[in-house]
$ cat input18.cif   # mmCIF, C-alpha atoms
data_run
loop_
_atom_site.label_atom_id
_atom_site.label_comp_id
_atom_site.auth_asym_id
_atom_site.auth_seq_id
_atom_site.Cartn_x
_atom_site.Cartn_y
_atom_site.Cartn_z
CA MET A 1 3.85 -7.06 20.90
CA LYS A 2 1.27 -8.54 23.29
CA ALA A 3 1.80 -5.72 25.77
CA ILE A 4 1.36 -3.11 23.03
CA LEU A 5 -1.92 -4.66 21.86
CA VAL A 6 -3.30 -5.00 25.40
CA ALA A 7 -2.39 -1.40 26.24
CA ALA A 8 -4.08 -0.14 23.07
CA LEU A 9 -7.26 -2.17 23.54
CA VAL A 10 -7.70 -1.26 27.20
CA ALA A 11 -6.99 2.42 26.56
CA LEU A 12 -9.38 2.54 23.61
CA ALA A 13 -12.19 0.97 25.64
CA VAL A 14 -11.62 3.30 28.60
CA SER A 15 -11.41 6.41 26.44
CA ILE A 16 -14.41 5.75 24.23
CA LEU A 17 -16.61 4.73 27.19
CA PHE A 18 -15.37 7.22 29.79
CA THR A 19 -15.46 10.35 27.62
CA PRO A 20 -19.31 10.47 27.45
CA TYR A 21 -19.36 10.32 31.24
CA LEU A 22 -17.01 13.32 31.37
CA ILE A 23 -19.25 15.17 28.91
CA LYS A 24 -22.22 14.71 31.25
CA VAL A 25 -20.30 15.65 34.41
CA PHE A 26 -18.60 18.70 32.90
CA SER A 27 -21.87 19.86 31.34
CA ARG A 28 -23.63 19.69 34.71
CA GLN A 29 -20.78 21.61 36.33
CA GLY A 30 -20.86 24.27 33.62
CA PHE A 31 -17.30 23.53 32.53
CA GLY A 32 -17.79 25.00 29.05
CA GLN A 33 -15.08 26.22 26.71
CA GLU A 34 -14.42 29.95 26.51
CA ILE A 35 -13.67 31.09 22.96
CA ARG A 36 -10.96 33.67 22.15
CA GLU A 37 -12.55 36.99 21.27
CA ASP A 38 -10.30 37.61 18.26
CA GLY A 39 -10.86 34.14 16.77
CA PRO A 40 -13.03 33.25 13.75
CA GLN A 41 -16.58 34.44 14.38
CA HIS A 42 -18.19 31.10 13.51
CA HIS A 43 -16.28 29.55 16.45
CA LYS A 44 -18.48 31.55 18.85
CA LYS A 45 -21.14 28.85 18.58
CA LYS A 46 -18.70 26.46 20.30
CA ARG A 47 -18.86 28.49 23.49
CA GLY A 48 -20.03 26.27 26.33
CA THR A 49 -18.82 22.99 24.81
CA PRO A 50 -17.39 20.90 27.70
CA THR A 51 -13.62 21.12 27.92
CA MET A 52 -10.78 19.45 29.89
CA GLY A 53 -11.43 16.31 27.83
CA GLY A 54 -7.71 15.58 27.91
CA THR A 55 -8.50 14.04 31.29
CA ALA A 56 -9.99 11.06 29.43
CA ILE A 57 -6.81 10.61 27.37
CA LEU A 58 -4.62 10.65 30.48
CA ILE A 59 -6.82 8.18 32.37
CA ALA A 60 -7.01 5.90 29.32
CA MET A 61 -3.22 6.02 28.94
CA TRP A 62 -2.68 5.03 32.57
CA CYS A 63 -5.31 2.27 32.40
CA GLY A 64 -3.82 0.90 29.18
CA TYR A 65 -0.30 0.86 30.60
CA LEU A 66 -1.34 -0.71 33.91
CA GLY A 67 -3.55 -3.20 32.08
CA ALA A 68 -0.59 -4.32 29.98
CA LYS A 69 1.54 -4.70 33.10
CA LEU A 70 -1.19 -6.71 34.81
CA VAL A 71 -1.47 -9.11 31.86
CA ASP A 72 2.34 -9.46 31.80
CA TRP A 73 2.33 -10.27 35.51
CA ILE A 74 -0.47 -12.85 35.17
CA THR A 75 1.18 -14.57 32.20
CA GLY A 76 4.64 -14.37 33.71
CA GLY A 77 6.09 -12.23 30.93
CA GLY A 78 7.53 -8.72 30.71
CA ASP A 79 10.01 -6.96 32.95
CA GLY A 80 7.60 -5.03 35.15
CA PHE A 81 7.74 -1.27 35.51
CA THR A 82 10.73 0.53 34.01
CA ALA A 83 12.45 3.78 34.82
CA SER A 84 11.87 5.15 31.31
CA GLY A 85 8.18 4.27 31.38
CA LEU A 86 7.55 5.83 34.78
CA LEU A 87 9.50 8.98 33.87
CA LEU A 88 7.47 9.37 30.68
CA LEU A 89 4.21 8.90 32.56
CA TYR A 90 5.36 11.47 35.12
CA LEU A 91 6.19 14.01 32.42
CA THR A 92 2.90 13.50 30.59
CA THR A 93 0.77 13.58 33.73
CA GLY A 94 2.65 16.55 35.17
CA MET A 95 2.14 18.60 32.03
CA GLY A 96 -1.49 17.51 31.99
CA LEU A 97 -1.90 18.75 35.56
CA VAL A 98 -0.49 22.17 34.61
CA GLY A 99 -2.98 22.26 31.74
CA PHE A 100 -5.82 21.15 34.02
CA LEU A 101 -5.13 24.03 36.42
CA ASP A 102 -5.03 26.41 33.47
CA ASP A 103 -8.38 25.11 32.16
CA PHE A 104 -9.98 25.14 35.60
CA ILE A 105 -9.05 28.78 36.23
CA LYS A 106 -10.42 29.75 32.80
CA LEU A 107 -13.72 28.11 33.67
CA ARG A 108 -13.96 29.65 37.12
CA LYS A 109 -13.18 33.14 35.82
CA GLN A 110 -15.34 32.63 32.70
CA ARG A 111 -12.70 34.01 30.34
CA ASN A 112 -10.19 32.63 27.86
CA LEU A 113 -7.23 33.31 30.17
CA GLY A 114 -6.17 30.78 32.78
CA LEU A 115 -2.92 30.60 34.75
CA ASN A 116 -0.87 33.77 34.45
CA LYS A 117 2.25 33.45 32.32
CA ARG A 118 4.60 33.24 35.30
CA MET A 119 2.74 30.42 37.04
CA LYS A 120 2.30 28.45 33.83
CA PHE A 121 6.00 28.88 33.04
CA LEU A 122 7.00 27.75 36.53
CA GLY A 123 4.76 24.70 36.33
CA GLN A 124 6.10 23.62 32.95
CA THR A 125 9.68 24.31 34.06
CA PHE A 126 9.39 22.26 37.25
CA VAL A 127 7.97 19.23 35.44
CA ALA A 128 10.45 19.42 32.54
CA VAL A 129 13.54 20.00 34.71
CA SER A 130 12.68 17.26 37.20
CA PHE A 131 12.07 14.87 34.30
CA GLY A 132 15.42 15.83 32.75
CA ILE A 133 17.31 15.26 36.00
CA GLY A 134 15.61 11.92 36.60
CA ALA A 135 16.35 10.75 33.04
CA LEU A 136 20.10 10.87 33.76
CA PHE A 137 19.79 8.40 36.66
CA PHE A 138 18.54 4.79 36.96
CA PRO A 139 21.13 2.88 34.88
CA GLY A 140 19.88 -0.41 33.45
CA VAL A 141 21.35 -3.04 31.14
CA GLY A 142 24.90 -2.10 30.26
CA GLY A 143 24.71 0.99 32.45
CA LEU A 144 22.26 2.70 30.09
CA THR A 145 20.25 5.53 31.65
CA PRO A 146 16.85 6.60 30.21
CA ALA A 147 18.51 9.55 28.47
CA SER A 148 22.03 10.72 27.70
CA THR A 149 23.82 14.04 27.58
CA SER A 150 24.23 13.89 23.79
CA VAL A 151 21.84 15.48 21.32
CA SER A 152 20.23 12.82 19.13
CA TYR A 153 18.88 12.41 15.61
CA VAL A 154 18.02 8.72 15.11
CA ARG A 155 20.48 7.78 17.83
CA ASP A 156 22.88 9.75 20.00
CA LEU A 157 25.25 12.07 18.15
CA THR A 158 28.31 11.34 20.30
CA PHE A 159 30.18 14.33 18.90
CA PHE A 160 27.38 16.62 20.13
CA SER A 161 27.56 16.15 23.89
CA ILE A 162 26.17 19.06 25.92
CA GLY A 163 26.78 17.87 29.49
CA ALA A 164 24.27 17.32 32.28
CA ILE A 165 23.31 20.98 32.71
CA GLY A 166 22.98 21.46 28.97
CA PHE A 167 20.82 18.35 28.73
CA VAL A 168 18.44 19.50 31.46
CA PHE A 169 18.12 22.85 29.68
CA LEU A 170 17.44 21.00 26.42
CA CYS A 171 14.70 18.99 28.16
CA TRP A 172 13.06 22.19 29.35
CA LEU A 173 13.31 23.71 25.86
CA LEU A 174 11.88 20.65 24.10
CA VAL A 175 9.03 20.09 26.56
CA SER A 176 8.05 23.76 26.49
CA ALA A 177 8.28 23.99 22.70
CA TRP A 178 6.33 20.82 21.91
CA SER A 179 3.64 21.39 24.53
CA ASN A 180 3.04 24.87 23.16
CA ALA A 181 3.11 23.56 19.56
CA VAL A 182 0.36 21.03 20.29
CA ASN A 183 -1.53 23.71 22.21
CA PHE A 184 -1.46 26.02 19.17
CA THR A 185 -2.71 23.18 16.96
CA ASP A 186 -5.68 22.52 19.22
CA GLY A 187 -7.91 25.09 17.56
CA LEU A 188 -10.21 22.94 15.43
CA ASP A 189 -12.38 19.97 16.30
CA GLY A 190 -10.24 16.83 16.16
CA LEU A 191 -7.13 18.50 14.72
CA ALA A 192 -4.72 18.05 17.64
CA ALA A 193 -6.03 14.62 18.65
CA GLY A 194 -5.93 13.24 15.11
CA SER A 195 -2.47 14.67 14.41
CA SER A 196 -1.18 13.24 17.70
CA VAL A 197 -2.39 9.79 16.60
CA MET A 198 -0.03 10.00 13.60
CA VAL A 199 2.96 10.96 15.75
CA LEU A 200 2.24 8.41 18.47
CA GLY A 201 1.72 5.65 15.91
CA THR A 202 5.18 6.41 14.55
CA TYR A 203 6.67 6.10 18.03
CA VAL A 204 4.94 2.76 18.60
CA ALA A 205 6.77 1.50 15.50
CA ILE A 206 10.07 3.12 16.50
CA GLY A 207 9.96 1.79 20.06
CA PHE A 208 9.13 -1.75 18.94
CA PHE A 209 11.82 -1.70 16.23
CA GLN A 210 14.40 -0.45 18.73
CA PHE A 211 13.39 -3.24 21.10
CA ARG A 212 13.78 -5.92 18.42
CA ASN A 213 17.18 -4.46 17.47
CA ALA A 214 18.49 -3.49 20.90
CA CYS A 215 22.19 -3.97 21.47
CA TRP A 216 21.56 -6.50 24.26
CA MET A 217 19.43 -8.73 22.00
CA PRO A 218 20.92 -11.70 20.08
CA LEU A 219 21.49 -10.17 16.64
CA SER A 220 23.37 -11.05 13.49
CA SER A 221 26.66 -9.29 12.92
CA ALA A 222 25.03 -7.04 10.31
CA ALA A 223 22.14 -6.10 12.58
CA GLN A 224 24.54 -5.52 15.47
CA ALA A 225 26.10 -2.69 13.49
CA GLY A 226 22.81 -0.79 13.65
CA CYS A 227 21.66 -1.82 17.13
CA TYR A 228 20.03 0.74 19.43
CA GLU A 229 21.25 1.78 22.86
CA VAL A 230 17.89 2.72 24.36
CA ARG A 231 17.10 1.68 27.91
CA ASP A 232 13.44 0.59 27.75
CA PRO A 233 12.16 0.88 24.16
CA LEU A 234 9.33 -1.65 24.52
CA ASP A 235 7.86 0.13 27.53
CA LEU A 236 7.97 3.41 25.62
CA ALA A 237 6.10 1.75 22.75
CA VAL A 238 3.48 0.45 25.21
CA ILE A 239 2.84 3.95 26.57
CA ALA A 240 2.73 5.43 23.06
CA ALA A 241 0.19 2.77 22.07
CA ALA A 242 -1.95 3.46 25.13
CA ALA A 243 -1.91 7.21 24.48
CA LEU A 244 -2.63 6.67 20.77
CA ALA A 245 -5.68 4.55 21.56
CA GLY A 246 -6.76 7.09 24.17
CA CYS A 247 -6.64 9.80 21.49
CA ILE A 248 -8.67 7.67 19.08
CA GLY A 249 -11.36 7.00 21.69
CA PHE A 250 -11.45 10.68 22.57
CA LEU A 251 -11.56 11.63 18.89
CA TRP A 252 -14.81 9.67 18.54
CA TRP A 253 -16.45 12.44 20.60
CA ASN A 254 -14.13 15.29 19.62
CA ALA A 255 -14.60 15.05 15.83
CA HIS A 256 -16.57 17.88 14.24
CA PRO A 257 -18.94 18.95 15.62
CA ALA A 258 -17.12 18.30 18.89
CA ARG A 259 -19.09 17.30 21.95
CA ILE A 260 -16.02 17.87 24.14
CA MET A 261 -12.66 19.61 23.75
CA MET A 262 -9.33 18.43 25.13
CA GLY A 263 -8.34 21.83 26.50
CA ASP A 264 -4.86 22.59 27.81
CA THR A 265 -5.19 19.44 29.92
CA GLY A 266 -4.83 17.36 26.79
CA SER A 267 -2.66 19.57 24.57
CA LEU A 268 0.06 20.19 27.17
CA ALA A 269 0.05 16.51 28.17
CA LEU A 270 0.37 15.32 24.56
CA GLY A 271 3.09 17.87 23.85
CA GLY A 272 5.03 16.68 26.89
CA LEU A 273 4.50 13.06 25.85
CA ILE A 274 5.92 13.42 22.35
CA ALA A 275 8.83 15.50 23.67
CA GLY A 276 9.56 12.80 26.25
CA LEU A 277 9.35 10.05 23.64
CA SER A 278 11.87 11.86 21.44
CA ILE A 279 14.28 12.27 24.37
CA LEU A 280 14.00 8.69 25.65
CA THR A 281 14.14 7.03 22.20
CA ARG A 282 17.09 9.25 21.18
CA THR A 283 15.20 10.88 18.28
CA GLU A 284 15.08 14.52 19.37
CA LEU A 285 15.95 16.06 15.99
CA LEU A 286 13.96 13.49 14.02
CA LEU A 287 10.80 14.59 15.85
CA VAL A 288 10.95 17.86 13.90
CA VAL A 289 10.11 15.79 10.81
CA ILE A 290 7.75 13.29 12.46
CA ALA A 291 5.65 16.06 14.01
CA GLY A 292 6.09 18.48 11.13
CA LEU A 293 2.52 19.77 11.31
CA PHE A 294 2.98 20.92 14.90
CA VAL A 295 6.21 22.67 13.86
CA VAL A 296 4.43 24.56 11.07
CA GLU A 297 1.61 25.60 13.41
CA MET A 298 4.06 26.96 15.97
CA LEU A 299 6.20 28.71 13.36
CA SER A 300 3.12 30.41 11.92
CA VAL A 301 2.48 32.02 15.31
CA VAL A 302 6.14 33.06 15.71
CA ILE A 303 6.27 34.53 12.19
CA GLN A 304 2.97 36.37 12.61
CA ILE A 305 4.09 38.00 15.88
CA ALA A 306 7.63 38.81 14.71
CA VAL A 307 6.57 40.40 11.41
CA PHE A 308 3.68 42.33 12.95
CA ARG A 309 5.91 43.80 15.68
CA THR A 310 8.68 44.78 13.27
CA ARG A 311 6.75 45.75 10.12
CA HIS A 312 3.17 46.15 11.41
CA VAL A 313 1.74 43.84 8.76
CA ARG A 314 0.16 40.40 9.04
CA VAL A 315 1.61 37.51 7.04
CA PHE A 316 -1.48 35.36 7.67
CA LYS A 317 -5.09 36.39 8.04
CA MET A 318 -4.92 34.81 11.48
CA ALA A 319 -2.49 32.60 13.37
CA PRO A 320 -2.13 29.72 14.10
CA PHE A 321 -1.98 28.62 10.48
CA HIS A 322 -5.24 26.63 10.39
CA HIS A 323 -7.28 29.79 11.06
CA HIS A 324 -5.76 31.41 7.95
CA PHE A 325 -7.38 28.77 5.76
CA GLU A 326 -10.69 29.02 7.62
CA LEU A 327 -10.78 32.74 6.91
CA SER A 328 -9.83 31.98 3.29
CA GLY A 329 -13.09 30.07 2.85
CA TRP A 330 -12.17 26.48 3.73
CA THR A 331 -14.68 24.67 5.94
CA GLU A 332 -13.48 23.46 9.33
CA THR A 333 -13.78 19.82 8.25
CA THR A 334 -11.76 20.48 5.09
CA VAL A 335 -8.96 22.12 7.05
CA MET A 336 -8.94 19.28 9.58
CA ILE A 337 -8.76 16.48 7.00
CA ARG A 338 -6.11 18.17 4.88
CA PHE A 339 -4.00 18.93 7.94
CA TRP A 340 -4.39 15.30 9.05
CA LEU A 341 -3.00 14.29 5.65
CA LEU A 342 -0.04 16.62 6.17
CA ALA A 343 0.51 15.14 9.63
CA ALA A 344 0.40 11.61 8.19
CA MET A 345 2.90 12.49 5.44
CA SER A 346 5.28 14.04 7.98
CA ALA A 347 5.04 11.00 10.23
CA ALA A 348 5.62 8.63 7.29
CA LEU A 349 8.64 10.65 6.15
CA GLY A 350 10.09 10.60 9.67
CA LEU A 351 9.61 6.85 9.94
CA GLY A 352 11.21 6.43 6.53
CA LEU A 353 14.26 8.42 7.60
CA PHE A 354 14.50 6.36 10.78
CA TYR A 355 14.48 3.08 8.84
CA ALA A 356 16.80 4.40 6.12
CA GLU A 357 19.42 5.23 8.77
CA TRP A 358 19.25 1.66 10.07
CA LEU A 359 19.62 0.26 6.52
CA SER A 360 22.65 2.48 5.91
CA LEU A 361 24.40 0.94 8.93
CA THR A 362 23.39 -2.68 8.41
CA GLY A 363 23.79 -2.83 4.65
CA GLY A 364 20.17 -3.97 4.35
#
$ encode --input "input18.cif" --output "structure tokens"
Amino acid sequence: MKAILVAALVALAVSILFTPYLIKVFSRQGFGQEIREDGPQHHKKKRGTPTMGGTAILIAMWCGYLGAKLVDWITGGGDGFTASGLLLLYLTTGMGLVGFLDDFIKLRKQRNLGLNKRMKFLGQTFVAVSFGIGALFFPGVGGLTPASTSVSYVRDLTFFSIGAIGFVFLCWLLVSAWSNAVNFTDGLDGLAAGSSVMVLGTYVAIGFFQFRNACWMPLSSAAQAGCYEVRDPLDLAVIAAAALAGCIGFLWWNAHPARIMMGDTGSLALGGLIAGLSILTRTELLLVVIAGLFVVEMLSVVIQIAVFRTRHVRVFKMAPFHHHFELSGWTETTVMIRFWLLAAMSAALGLGLFYAEWLSLTGG
């Protein structure tokens, strides 16, 4: 618990203090957001708002994690760096770098198009595939590797094994899907950052609970029946806490009216992070519930495109989904707060399902 608190406090301080510095630097460099031409007209006034603010979240996450490790080393506690933690940081940072390149090209070309589709696809694929391969190595206690070749819900579904190649493909699919889902959600001031806080908070709780009920811990016979075979759950909770606090500090400056936007740097990184957390905590299918808002946002885009191409009609006034409500007369702040509430309810439901599964096995 100490490591989680230290990571959160350090990350919060770094994010809330470093973001204003980024605002000044990016403003001087002319790194202003380009607004999509077919978006809501009142968003045009946001043109020129500094972007690439996801850089602050990434730096805060790293500082929080390293700060927690430093305190552990000074006090003689903790187990040092773990394979799961480093793989998750690699995935998050790698996706953030792809997003940073995308943002940077948009700014240089002064248009709302960055990396071409092929280059963006290749970047996301390289990061996701290399993460997936690495997650099958580095056995720890009891021979556990960071991930397994079974699809998971609240724990591995042993009857649903897909093999090493299938698992790497699943990693690519999940990372691509979740990074794009968060990217679609990042269309209103504070929406993606605030919604990510809900999801990451859930994973702090899940990681800590898995640590306290890990199969290698001294447990009662009842608790042993529901123990978790996860390699480094506490380290995953520490990273989730650091990223959560980084999002909160960033949100201080990103709330409406935003003084900085996270850009693809932040949205792709956060999407990769939550995908990685689901893979490494063995909760891949449960994430569909925990991050339900992101799922709805992505589905709204898919439905809009599919129906328009087949029937030449629009289901929504504009996709992603949040723009539909803006064009229906809701203010941006109203949409943001109500969508935050939906995100919180989804996260709470997911956490409830996680705990209910444990109770069903332990008889609690």
$ resolve_selection --input "input18.cif" --expression "the PyMOL selection byres ((chain A and resi 309-321) around 9)" --output "list of chain:residue names"
A:Gly39, A:Pro40, A:Phe184, A:Thr185, A:Gly187, A:Val296, A:Glu297, A:Met298, A:Leu299, A:Ser300, A:Val301, A:Val302, A:Ile303, A:Gln304, A:Ile305, A:Ala306, A:Val307, A:Phe308, A:His322, A:His323, A:His324, A:Phe325, A:Leu327, A:Ser328
$ residues_around --input "input18.cif" --residues "Ile290 (chain A)" --least-positions-apart "4" --cutoff "6 Å" --atoms "all atoms listed in the file" --output "compact mmCIF listing (two decimals) with C-alpha atoms, in the coordinates of the input"
# COMPACT_ATOMS: atom_id res chain seq x y z
CA SER A 346 5.28 14.04 7.98
CA ALA A 347 5.04 11.00 10.23
CA GLY A 350 10.09 10.60 9.67
$ resolve_selection --input "input18.cif" --expression "the PyMOL selection byres ((chain A and resi 228) around 8)" --output "VMD selection string"
chain A and resid 155 210 to 211 213 to 215 226 to 227 229 to 230
$ write_last_selection --input "input18.cif" --atoms "C-alpha atoms" --output "PDB file, in the coordinates of the input"
ATOM      1  CA  ARG A 155      20.480   7.780  17.830  1.00  0.00           C
ATOM      2  CA  GLN A 210      14.400  -0.450  18.730  1.00  0.00           C
ATOM      3  CA  PHE A 211      13.390  -3.240  21.100  1.00  0.00           C
ATOM      4  CA  ASN A 213      17.180  -4.460  17.470  1.00  0.00           C
ATOM      5  CA  ALA A 214      18.490  -3.490  20.900  1.00  0.00           C
ATOM      6  CA  CYS A 215      22.190  -3.970  21.470  1.00  0.00           C
ATOM      7  CA  GLY A 226      22.810  -0.790  13.650  1.00  0.00           C
ATOM      8  CA  CYS A 227      21.660  -1.820  17.130  1.00  0.00           C
ATOM      9  CA  GLU A 229      21.250   1.780  22.860  1.00  0.00           C
ATOM     10  CA  VAL A 230      17.890   2.720  24.360  1.00  0.00           C
TER      11      VAL A 230
END
$ resolve_selection --input "input18.cif" --expression "the PyMOL selection byres ((chain A and resi 96-99) around 10)" --output "PyMOL selection string"
chain A and resi 52+54-55+57-58+90-95+100-105+114-115+119-124+127+179+183+262-273
$ atom_distance --input "input18.cif" --atom1 "CA of Ala68 (chain A)" --atom2 "CA of Gly140 (chain A)"
21.1 Å
$ atom_distance --input "input18.cif" --atom1 "CA of Leu359 (chain A)" --atom2 "CA of Arg231 (chain A)"
21.6 Å
$ axis_aligned_box --input "input18.cif" --around "region 243-261 of chain A" --padding-each-side "6 Å" --output "AutoDock Vina command-line options"
--center_x -10.5 --center_y 12.1 --center_z 19.4 --size_x 29.2 --size_y 27.1 --size_z 22.2
$ atom_distance --input "input18.cif" --atom1 "CA of Val14 (chain A)" --atom2 "CA of Val335 (chain A)"
28.7 Å
$ closest_residue --input "input18.cif" --among "A:Val295, A:Leu66, A:Ala7, A:Ile59" --to "Ala177 (chain A)" --atoms "all atoms listed in the file"
A:Val295
$ closest_residue --input "input18.cif" --among "A:Val182, A:Ala56, A:Leu136, A:Pro20" --to "Phe167 (chain A)" --atoms "all atoms listed in the file"
A:Leu136
$ closest_residue --input "input18.cif" --among "A:Ala356, A:Val238, A:Ile165, A:Ala344" --to "Lys2 (chain A)" --atoms "all atoms listed in the file"
A:Val238
